[in-house]
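**Student:** File follows, start_39.txt with compact mmCIF, C-alpha atoms:
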```
# COMPACT_ATOMS: atom_id res chain seq x y z
CA MET H 213 -44.74 -81.78 -27.28
CA THR H 214 -45.71 -84.68 -25.02
CA ARG H 215 -46.99 -83.52 -21.64
CA ALA H 216 -47.00 -85.22 -18.29
CA ILE H 217 -50.26 -86.81 -17.22
CA SER H 218 -51.71 -87.54 -13.82
CA LEU H 219 -54.51 -90.08 -13.40
CA THR H 220 -56.34 -91.15 -10.28
CA ILE H 221 -58.29 -94.38 -10.64
CA SER H 222 -60.08 -96.84 -8.40
CA SER H 223 -58.50 -100.23 -7.79
CA ASP H 224 -60.89 -101.91 -10.20
CA PRO H 225 -59.32 -104.27 -12.77
CA GLU H 226 -61.60 -102.68 -15.35
CA GLN H 227 -59.34 -99.60 -15.14
CA LEU H 228 -56.21 -101.46 -16.24
CA ALA H 229 -56.69 -101.33 -20.00
CA PRO H 230 -57.56 -97.60 -20.26
CA VAL H 231 -54.53 -96.64 -18.15
CA ARG H 232 -52.24 -98.94 -20.10
CA HIS H 233 -53.47 -97.50 -23.37
CA ALA H 234 -52.93 -93.92 -22.12
CA ILE H 235 -49.36 -94.66 -21.01
CA GLU H 236 -48.60 -96.49 -24.26
CA LYS H 237 -49.82 -93.44 -26.19
CA ILE H 238 -47.42 -91.19 -24.27
CA ALA H 239 -44.54 -93.61 -24.82
CA SER H 240 -45.30 -93.79 -28.51
CA ASP H 241 -45.53 -90.00 -28.77
CA LEU H 242 -42.13 -89.76 -27.06
CA GLY H 243 -40.58 -91.86 -29.82
CA PHE H 244 -40.23 -95.23 -28.12
CA ASP H 245 -40.31 -98.06 -30.66
CA SER H 246 -43.23 -100.49 -30.69
CA ASP H 247 -41.37 -103.13 -28.69
CA ALA H 248 -40.53 -100.65 -25.93
CA VAL H 249 -44.08 -99.27 -25.95
CA ALA H 250 -45.39 -102.80 -25.42
CA LYS H 251 -42.97 -103.41 -22.56
CA ILE H 252 -43.87 -100.14 -20.85
CA GLY H 253 -47.57 -100.93 -21.19
CA LEU H 254 -47.13 -104.41 -19.77
CA CYS H 255 -45.09 -103.12 -16.81
CA VAL H 256 -47.72 -100.50 -15.97
CA ASN H 257 -50.39 -103.20 -16.19
CA GLU H 258 -48.43 -105.55 -13.93
CA ALA H 259 -47.64 -102.83 -11.40
CA LEU H 260 -51.30 -101.82 -11.16
CA ALA H 261 -52.43 -105.44 -10.98
CA ASN H 262 -50.02 -106.02 -8.09
CA VAL H 263 -51.44 -103.01 -6.27
CA ILE H 264 -54.99 -104.34 -6.75
CA ARG H 265 -54.19 -107.94 -5.82
CA HIS H 266 -51.63 -107.47 -3.07
CA ALA H 267 -51.61 -103.92 -1.67
CA TYR H 268 -55.42 -103.67 -1.69
CA GLN H 269 -56.04 -107.45 -1.52
CA GLY H 270 -58.65 -107.33 -4.27
CA SER H 271 -60.64 -104.39 -3.00
CA THR H 272 -61.96 -102.48 -6.02
CA ASP H 273 -62.77 -99.07 -4.52
CA GLN H 274 -59.37 -97.86 -3.32
CA PRO H 275 -57.36 -95.04 -4.91
CA ILE H 276 -54.35 -95.43 -7.17
CA GLN H 277 -52.53 -92.43 -8.59
CA ILE H 278 -50.48 -92.69 -11.77
CA ASN H 279 -48.13 -90.00 -13.02
CA ALA H 280 -46.23 -90.26 -16.27
CA GLU H 281 -43.76 -87.61 -17.34
CA PRO H 282 -41.17 -87.27 -20.08
CA THR H 283 -37.54 -87.10 -18.98
CA ASN H 284 -34.55 -85.99 -21.01
CA VAL H 285 -33.82 -89.63 -21.84
CA GLY H 286 -37.23 -91.24 -21.83
CA LEU H 287 -40.22 -91.71 -19.56
CA LYS H 288 -40.76 -91.79 -15.81
CA ILE H 289 -43.86 -93.46 -14.36
CA ILE H 290 -44.86 -93.10 -10.72
CA ILE H 291 -47.58 -95.27 -9.19
CA ARG H 292 -48.81 -94.41 -5.69
CA ASP H 293 -51.12 -96.52 -3.56
CA TRP H 294 -52.39 -96.34 -0.01
CA GLY H 295 -52.48 -100.06 0.60
CA ASN H 296 -50.68 -102.41 2.97
CA GLY H 297 -47.24 -100.99 2.17
CA VAL H 298 -45.50 -104.34 1.67
CA ASN H 299 -42.23 -103.65 -0.14
CA PRO H 300 -41.52 -106.35 -2.75
CA ASP H 301 -37.80 -105.58 -2.45
CA THR H 302 -37.84 -106.88 1.13
CA LEU H 303 -39.53 -110.19 0.29
CA PRO H 304 -37.20 -113.21 0.22
CA PRO H 305 -36.18 -114.13 -3.33
CA LYS H 306 -37.58 -117.37 -4.62
CA PRO H 307 -36.33 -119.41 -7.57
CA HIS H 308 -38.38 -118.83 -10.68
CA ASP H 309 -40.56 -121.80 -11.45
CA PRO H 310 -42.43 -121.33 -14.76
CA LEU H 311 -45.28 -123.44 -13.42
CA LYS H 312 -45.76 -121.08 -10.49
CA PRO H 313 -46.38 -117.80 -12.29
CA GLY H 314 -46.78 -115.72 -9.12
CA GLY H 315 -44.20 -112.95 -9.21
CA LEU H 316 -44.08 -112.79 -12.98
CA GLY H 317 -45.20 -109.16 -12.93
CA LEU H 318 -42.18 -108.17 -10.85
CA ILE H 319 -39.88 -110.13 -13.13
CA CYS H 320 -41.29 -108.26 -16.12
CA MET H 321 -40.80 -104.88 -14.44
CA ARG H 322 -37.22 -105.63 -13.45
CA GLU H 323 -36.30 -107.03 -16.85
CA MET H 324 -38.12 -104.55 -19.04
CA MET H 325 -37.61 -101.22 -17.26
CA ASP H 326 -34.28 -99.51 -16.68
CA GLU H 327 -35.06 -98.60 -13.08
CA VAL H 328 -37.67 -99.86 -10.61
CA ILE H 329 -37.77 -98.22 -7.18
CA PHE H 330 -40.21 -99.05 -4.37
CA GLU H 331 -40.43 -96.35 -1.70
CA PRO H 332 -42.59 -97.08 1.36
CA GLN H 333 -44.74 -94.12 2.39
CA ASP H 334 -46.38 -93.25 5.71
CA LYS H 335 -49.31 -95.15 4.29
CA GLY H 336 -48.87 -97.29 1.21
CA MET H 337 -46.16 -97.42 -1.42
CA GLN H 338 -44.73 -95.37 -4.24
CA LEU H 339 -43.28 -97.17 -7.24
CA THR H 340 -41.11 -95.30 -9.72
CA MET H 341 -40.22 -96.88 -13.05
CA ASN H 342 -37.86 -95.28 -15.54
CA LYS H 343 -37.43 -96.30 -19.14
CA LYS H 344 -34.80 -94.85 -21.45
CA ARG H 345 -35.24 -94.57 -25.15
CA ALA H 346 -32.84 -96.82 -27.02
CA ASP H 347 -31.67 -93.96 -29.21
CA ARG H 348 -30.87 -91.69 -26.27
CA PRO H 349 -27.45 -92.01 -24.64
CA ASP H 350 -27.17 -92.56 -20.94
CA GLU H 351 -27.42 -89.30 -19.00
CA ASN H 352 -23.89 -89.66 -17.62
CA HIS H 353 -22.49 -90.50 -21.02
CA SER H 354 -24.28 -87.59 -22.65
CA VAL H 355 -22.62 -85.21 -20.18
CA GLY H 356 -19.24 -86.67 -21.11
CA ALA H 357 -20.00 -86.50 -24.81
CA ALA H 358 -20.99 -82.85 -24.59
CA ALA H 359 -17.83 -81.84 -22.69
CA MET Y 2 -69.64 -126.05 -31.73
CA ILE Y 3 -70.54 -124.09 -28.61
CA ASN Y 4 -70.66 -120.33 -28.32
CA HIS Y 5 -69.27 -119.05 -25.03
CA SER Y 6 -68.54 -115.37 -24.74
CA GLU Y 7 -66.82 -112.45 -26.42
CA LEU Y 8 -63.56 -113.65 -24.93
CA VAL Y 9 -63.95 -117.26 -26.07
CA PRO Y 10 -66.33 -116.94 -28.99
CA GLN Y 11 -65.87 -120.50 -30.25
CA SER Y 12 -64.87 -123.92 -29.08
CA LYS Y 13 -65.20 -127.38 -30.52
CA HIS Y 14 -64.49 -130.94 -29.51
CA ILE Y 15 -62.46 -133.09 -31.93
CA GLY Y 16 -61.63 -136.59 -30.73
CA ASP Y 17 -59.56 -136.22 -27.57
CA ALA Y 18 -59.00 -132.51 -28.17
CA VAL Y 19 -60.84 -129.34 -27.31
CA VAL Y 20 -60.11 -126.39 -29.56
CA ALA Y 21 -60.95 -122.89 -28.36
CA SER Y 22 -60.43 -119.55 -30.08
CA LEU Y 23 -59.71 -116.62 -27.79
CA LYS Y 24 -60.35 -113.02 -28.69
CA GLY Y 25 -59.36 -109.67 -27.24
CA GLU Y 26 -56.93 -108.27 -24.69
CA ILE Y 27 -56.78 -110.43 -21.57
CA ASP Y 28 -55.74 -108.76 -18.33
CA LEU Y 29 -56.78 -109.05 -14.69
CA HIS Y 30 -60.24 -107.78 -15.64
CA LYS Y 31 -60.82 -110.54 -18.20
CA SER Y 32 -58.76 -113.44 -16.86
CA PRO Y 33 -61.40 -114.65 -14.33
CA GLU Y 34 -63.82 -115.05 -17.24
CA LEU Y 35 -61.17 -116.90 -19.23
CA ARG Y 36 -60.51 -119.18 -16.27
CA GLY Y 37 -64.20 -119.96 -15.93
CA VAL Y 38 -64.64 -120.85 -19.59
CA ILE Y 39 -61.50 -122.98 -19.82
CA LEU Y 40 -62.15 -124.90 -16.60
CA ASP Y 41 -65.70 -125.49 -17.80
CA LEU Y 42 -64.41 -126.90 -21.09
CA LEU Y 43 -61.98 -129.19 -19.28
CA HIS Y 44 -64.66 -130.35 -16.88
CA LYS Y 45 -67.22 -131.08 -19.63
CA HIS Y 46 -64.95 -132.81 -22.13
CA ASN Y 47 -62.00 -134.08 -20.10
CA PRO Y 48 -59.74 -133.75 -23.17
CA ARG Y 49 -56.14 -134.92 -23.51
CA LYS Y 50 -55.36 -131.89 -25.63
CA LEU Y 51 -56.41 -128.30 -25.17
CA ILE Y 52 -55.68 -126.30 -28.30
CA LEU Y 53 -55.92 -122.55 -27.88
CA ASP Y 54 -55.96 -120.33 -30.94
CA LEU Y 55 -54.53 -117.02 -29.74
CA SER Y 56 -54.45 -115.29 -33.12
CA GLY Y 57 -57.19 -112.96 -31.87
CA VAL Y 58 -55.28 -112.04 -28.70
CA PRO Y 59 -52.96 -109.06 -29.20
CA TYR Y 60 -52.19 -108.75 -25.50
CA MET Y 61 -52.25 -110.78 -22.32
CA ASP Y 62 -50.75 -110.24 -18.88
CA SER Y 63 -49.49 -112.48 -16.08
CA SER Y 64 -53.01 -113.18 -14.81
CA ALA Y 65 -53.90 -114.73 -18.17
CA ILE Y 66 -50.64 -116.69 -18.15
CA ALA Y 67 -51.64 -118.05 -14.73
CA VAL Y 68 -54.89 -119.36 -16.23
CA LEU Y 69 -53.01 -121.14 -19.02
CA VAL Y 70 -50.62 -122.68 -16.48
CA GLU Y 71 -53.54 -123.87 -14.35
CA ALA Y 72 -55.05 -125.56 -17.41
CA LEU Y 73 -51.70 -127.13 -18.26
CA LYS Y 74 -51.33 -128.58 -14.76
CA LYS Y 75 -54.83 -130.08 -14.91
CA LEU Y 76 -54.17 -131.68 -18.30
CA ARG Y 77 -50.77 -133.02 -17.27
CA LYS Y 78 -52.46 -135.07 -14.55
CA ASN Y 79 -53.91 -137.13 -17.42
CA SER Y 80 -50.73 -136.94 -19.52
CA GLY Y 81 -52.38 -134.20 -21.55
CA LYS Y 82 -50.97 -131.12 -23.24
CA VAL Y 83 -51.85 -127.51 -23.94
CA PHE Y 84 -51.14 -126.38 -27.49
CA LEU Y 85 -50.91 -122.71 -28.37
CA THR Y 86 -51.24 -121.40 -31.89
CA GLY Y 87 -51.40 -118.00 -33.55
CA LEU Y 88 -49.15 -116.25 -31.03
CA GLN Y 89 -48.84 -112.51 -31.55
CA PRO Y 90 -45.51 -110.83 -30.69
CA ARG Y 91 -46.54 -109.40 -27.31
CA VAL Y 92 -47.96 -112.71 -26.14
CA LYS Y 93 -44.94 -114.62 -27.41
CA GLY Y 94 -42.62 -112.20 -25.62
CA LEU Y 95 -44.40 -112.64 -22.31
CA LEU Y 96 -44.29 -116.44 -22.60
CA GLU Y 97 -40.55 -116.20 -23.24
CA ILE Y 98 -39.95 -114.03 -20.17
CA ALA Y 99 -42.04 -116.45 -18.11
CA ARG Y 100 -39.92 -119.27 -19.60
CA LEU Y 101 -43.11 -120.96 -20.67
CA ASP Y 102 -42.35 -120.96 -24.39
CA THR Y 103 -40.87 -124.45 -24.03
CA VAL Y 104 -43.41 -125.68 -21.49
CA PHE Y 105 -46.46 -125.18 -23.68
CA SER Y 106 -46.54 -126.84 -27.07
CA ILE Y 107 -46.41 -123.97 -29.54
CA VAL Y 108 -47.59 -125.08 -32.97
CA LYS Y 109 -48.27 -123.56 -36.37
CA ASP Y 110 -51.95 -124.35 -36.48
CA GLU Y 111 -54.77 -126.49 -35.13
CA ALA Y 112 -54.07 -129.31 -37.58
CA GLU Y 113 -50.50 -129.71 -36.32
CA ALA Y 114 -51.75 -129.94 -32.75
CA VAL Y 115 -54.44 -132.49 -33.59
CA ALA Y 116 -51.90 -134.60 -35.47
CA GLN Y 117 -49.48 -134.84 -32.52
```
Could you spell out this file's structure in C-alpha cells?
**Tutor:**
Amino acid sequence: MTRAISLTISSDPEQLAPVRHAIEKIASDLGFDSDAVAKIGLCVNEALANVIRHAYQGSTDQPIQINAEPTNVGLKIIIRDWGNGVNPDTLPPKPHDPLKPGGLGLICMREMMDEVIFEPQDKGMQLTMNKKRADRPDENHSVGAAA
Amino acid sequence: MINHSELVPQSKHIGDAVVASLKGEIDLHKSPELRGVILDLLHKHNPRKLILDLSGVPYMDSSAIAVLVEALKKLRKNSGKVFLTGLQPRVKGLLEIARLDTVFSIVKDEAEAVAQ
C-alpha cells in the first residue's frame, strides 16, 4: 500500500531532482502509467522552481513543504511556501509566445494536472494539484455507476 | 574536441557548426551551468548552426528550455539555427507543450543538421 509522504526542503534548486524522483516513485506505485508519472514529476518540478524563483526570489535557504497522498482516484500533491504570496491566478493573462518561455511551468501544470488550486495563506501560498489515474472513473461518475 | 563538464561532456566545431552532446537531467539546478557552457561556445566560435545532441538527456524542465531559446535568439541574429537531435520522449513532450517543436530544427542526427 502506497503511503502519504511529507517532505520539508530548503529552497535550493539542488533539492528539485530528489523530490521529483520521490513523487514519481509514489505515482508509479499508485499505478499511474509512465506518461502520467512523467507529467506529475514535471509539474512538481515546475511548481517548486516557481516557488524558488518567484516566491522566494532565488533565496536558497527558505522552507518548502511538500505533501503527497493517494486519493481514491489518484494522487494529491500539496506544496506550501512562506514566500511573497503572489497568486499566479490573479496575474493578467498574457498570450503564449514560444520565444518567451516565462510562464511555461504554469502552462504545464494547468495542462497536465486535473486540478491546480492556489490558496493564499497568512504568509505565503499553498498549491494543491490533483491528478486522476486514467483507469479510474471520475468520482461523481463512480457514485452514479455504483447506484 | 573540447571537454567541458559532466553536463556537456563533448563539443566540436565543424565548419560553421558547433556540435555539443548534453548528458543528464537538466533542471533549475543544472540549467545555469548549461547556459554558461552554451553561451561560451557561441562566443568562442560564432557558429551559424548549433547542433545539440540530446540523446543523453532523459529529462529537462522549463529552465533548460529557456536556455535553448536564448541560444536560438542569439543565433537568429546571424540567420543561424539551433538543431536538436536524439530527443527522448519527455523532452519531446515538453517542447511540444511549449510549442517549440516547430521553432527548433529537430533532425534525425548530426549529419542531417550539418547537411542543411
**Student:** Within 7 Å of chain Y, which residues of chain H show up when using only C-alpha atoms, listed as number ranges by chain?
**Tutor:** H: 225-226, 250, 254, 261, 310-311, 313, 316-317
**Student:** Can you tell me how far CA of Pro282 in chain H sits from CA of Val328 in chain H, in Å to one decimal?
**Tutor:**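 It comes out at 16.1 Å.
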**Student:** Choose the residue, out of Y:Val108, Y:Ala116, Y:Leu76, Y:Leu53, that has the smallest atom-to-atom separation from Ser22 in chain Y; count only C-alpha atoms.
**Tutor:**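 Distance minimum relative to Ser22 in chain Y lands on Y:Leu53.
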**Student:** Have a look at H:Arg348, H:Lys343, H:Lys306, H:His266 and name the one nearest to Asp293 in chain H; count only C-alpha atoms.
**Tutor:**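 Answer, going by the shortest atom-to-atom distance: H:His266.
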**Student:** Please compute the CA of Ser222 in chain H-CA of Met325 in chain H distance, one decimal, in Å.
**Tutor:** 24.5 Å
**Student:** Identify, on the basis of all atoms listed in the file, every residue whose closest approach to Ala21 in chain Y does not exceed 8 Å; exclude the query and any residue fewer than 5 positions from it along the same chain; express the result as a list in words.
**Tutor:**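 Contacts, with the query itself left out: Val9, Gln11, Ser12, Lys13, Leu51, Ile52, Leu53 and Asp54 of chain Y.
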**Student:** Report the distance between CA of Ile278 in chain H and CA of Ile291 in chain H in Å, rounded to one decimal place.
**Tutor:**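 Separating CA of Ile278 in chain H from CA of Ile291 in chain H is a distance of 4.7 Å.
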**Student:** Which residue, H:Thr220, H:Pro305, H:Ile289, H:Asn284, has the smallest gap to Ile235 in chain H when you use all atoms listed in the file?
**Tutor:**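 Answer, going by the shortest atom-to-atom distance: H:Ile289.
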**Student:** Kindly extract all protein, DNA and RNA residues lying within 10 Å of the coordinates (-57.9, -136.6, -22.5) given in the file, considering only C-alpha atoms, and supply them as a list of chain:residue names.
**Tutor:**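 Those within range, by chain then number, are Y:Gly16, Y:Asp17, Y:Ala18, Y:Val19, Y:Leu43, Y:His46, Y:Asn47, Y:Pro48, Y:Arg49, Y:Lys50, Y:Leu51, Y:Leu76, Y:Arg77, Y:Lys78, Y:Asn79, Y:Ser80, Y:Gly81, Y:Lys82.
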**Student:** With distances taken over all atoms listed in the file, which residue among H:Ile264, H:Val298, H:Leu219, H:Ala346 lies nearest Glu331 in chain H?
**Tutor:**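 Ranking H:Ile264, H:Val298, H:Leu219, H:Ala346 by distance to Glu331 in chain H, first place goes to H:Val298.
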**Student:** Please list as a PDB file with C-alpha atoms, in the coordinates of the input every residue within 9 Å of Ala248 in chain H, counting only C-alpha atoms and excluding residues in the same chain fewer than 5 positions away.
**Tutor:**
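Result file follows (out.pdb):
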```
ATOM      1  CA  ALA H 239     -44.540 -93.610 -24.820  1.00  0.00           C
ATOM      2  CA  SER H 240     -45.300 -93.790 -28.510  1.00  0.00           C
ATOM      3  CA  GLY H 253     -47.570-100.930 -21.190  1.00  0.00           C
ATOM      4  CA  MET H 324     -38.120-104.550 -19.040  1.00  0.00           C
ATOM      5  CA  LYS H 343     -37.430 -96.300 -19.140  1.00  0.00           C
ATOM      6  CA  ARG H 345     -35.240 -94.570 -25.150  1.00  0.00           C
ATOM      7  CA  ALA H 346     -32.840 -96.820 -27.020  1.00  0.00           C
TER       8      ALA H 346
END
```
**Student:** Counting all atoms listed in the file, which of Y:Glu34, Y:Glu97, Y:Glu7, Y:Asp41 gets nearest to Glu323 in chain H?
**Tutor:**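 Distance minimum relative to Glu323 in chain H lands on Y:Glu97.
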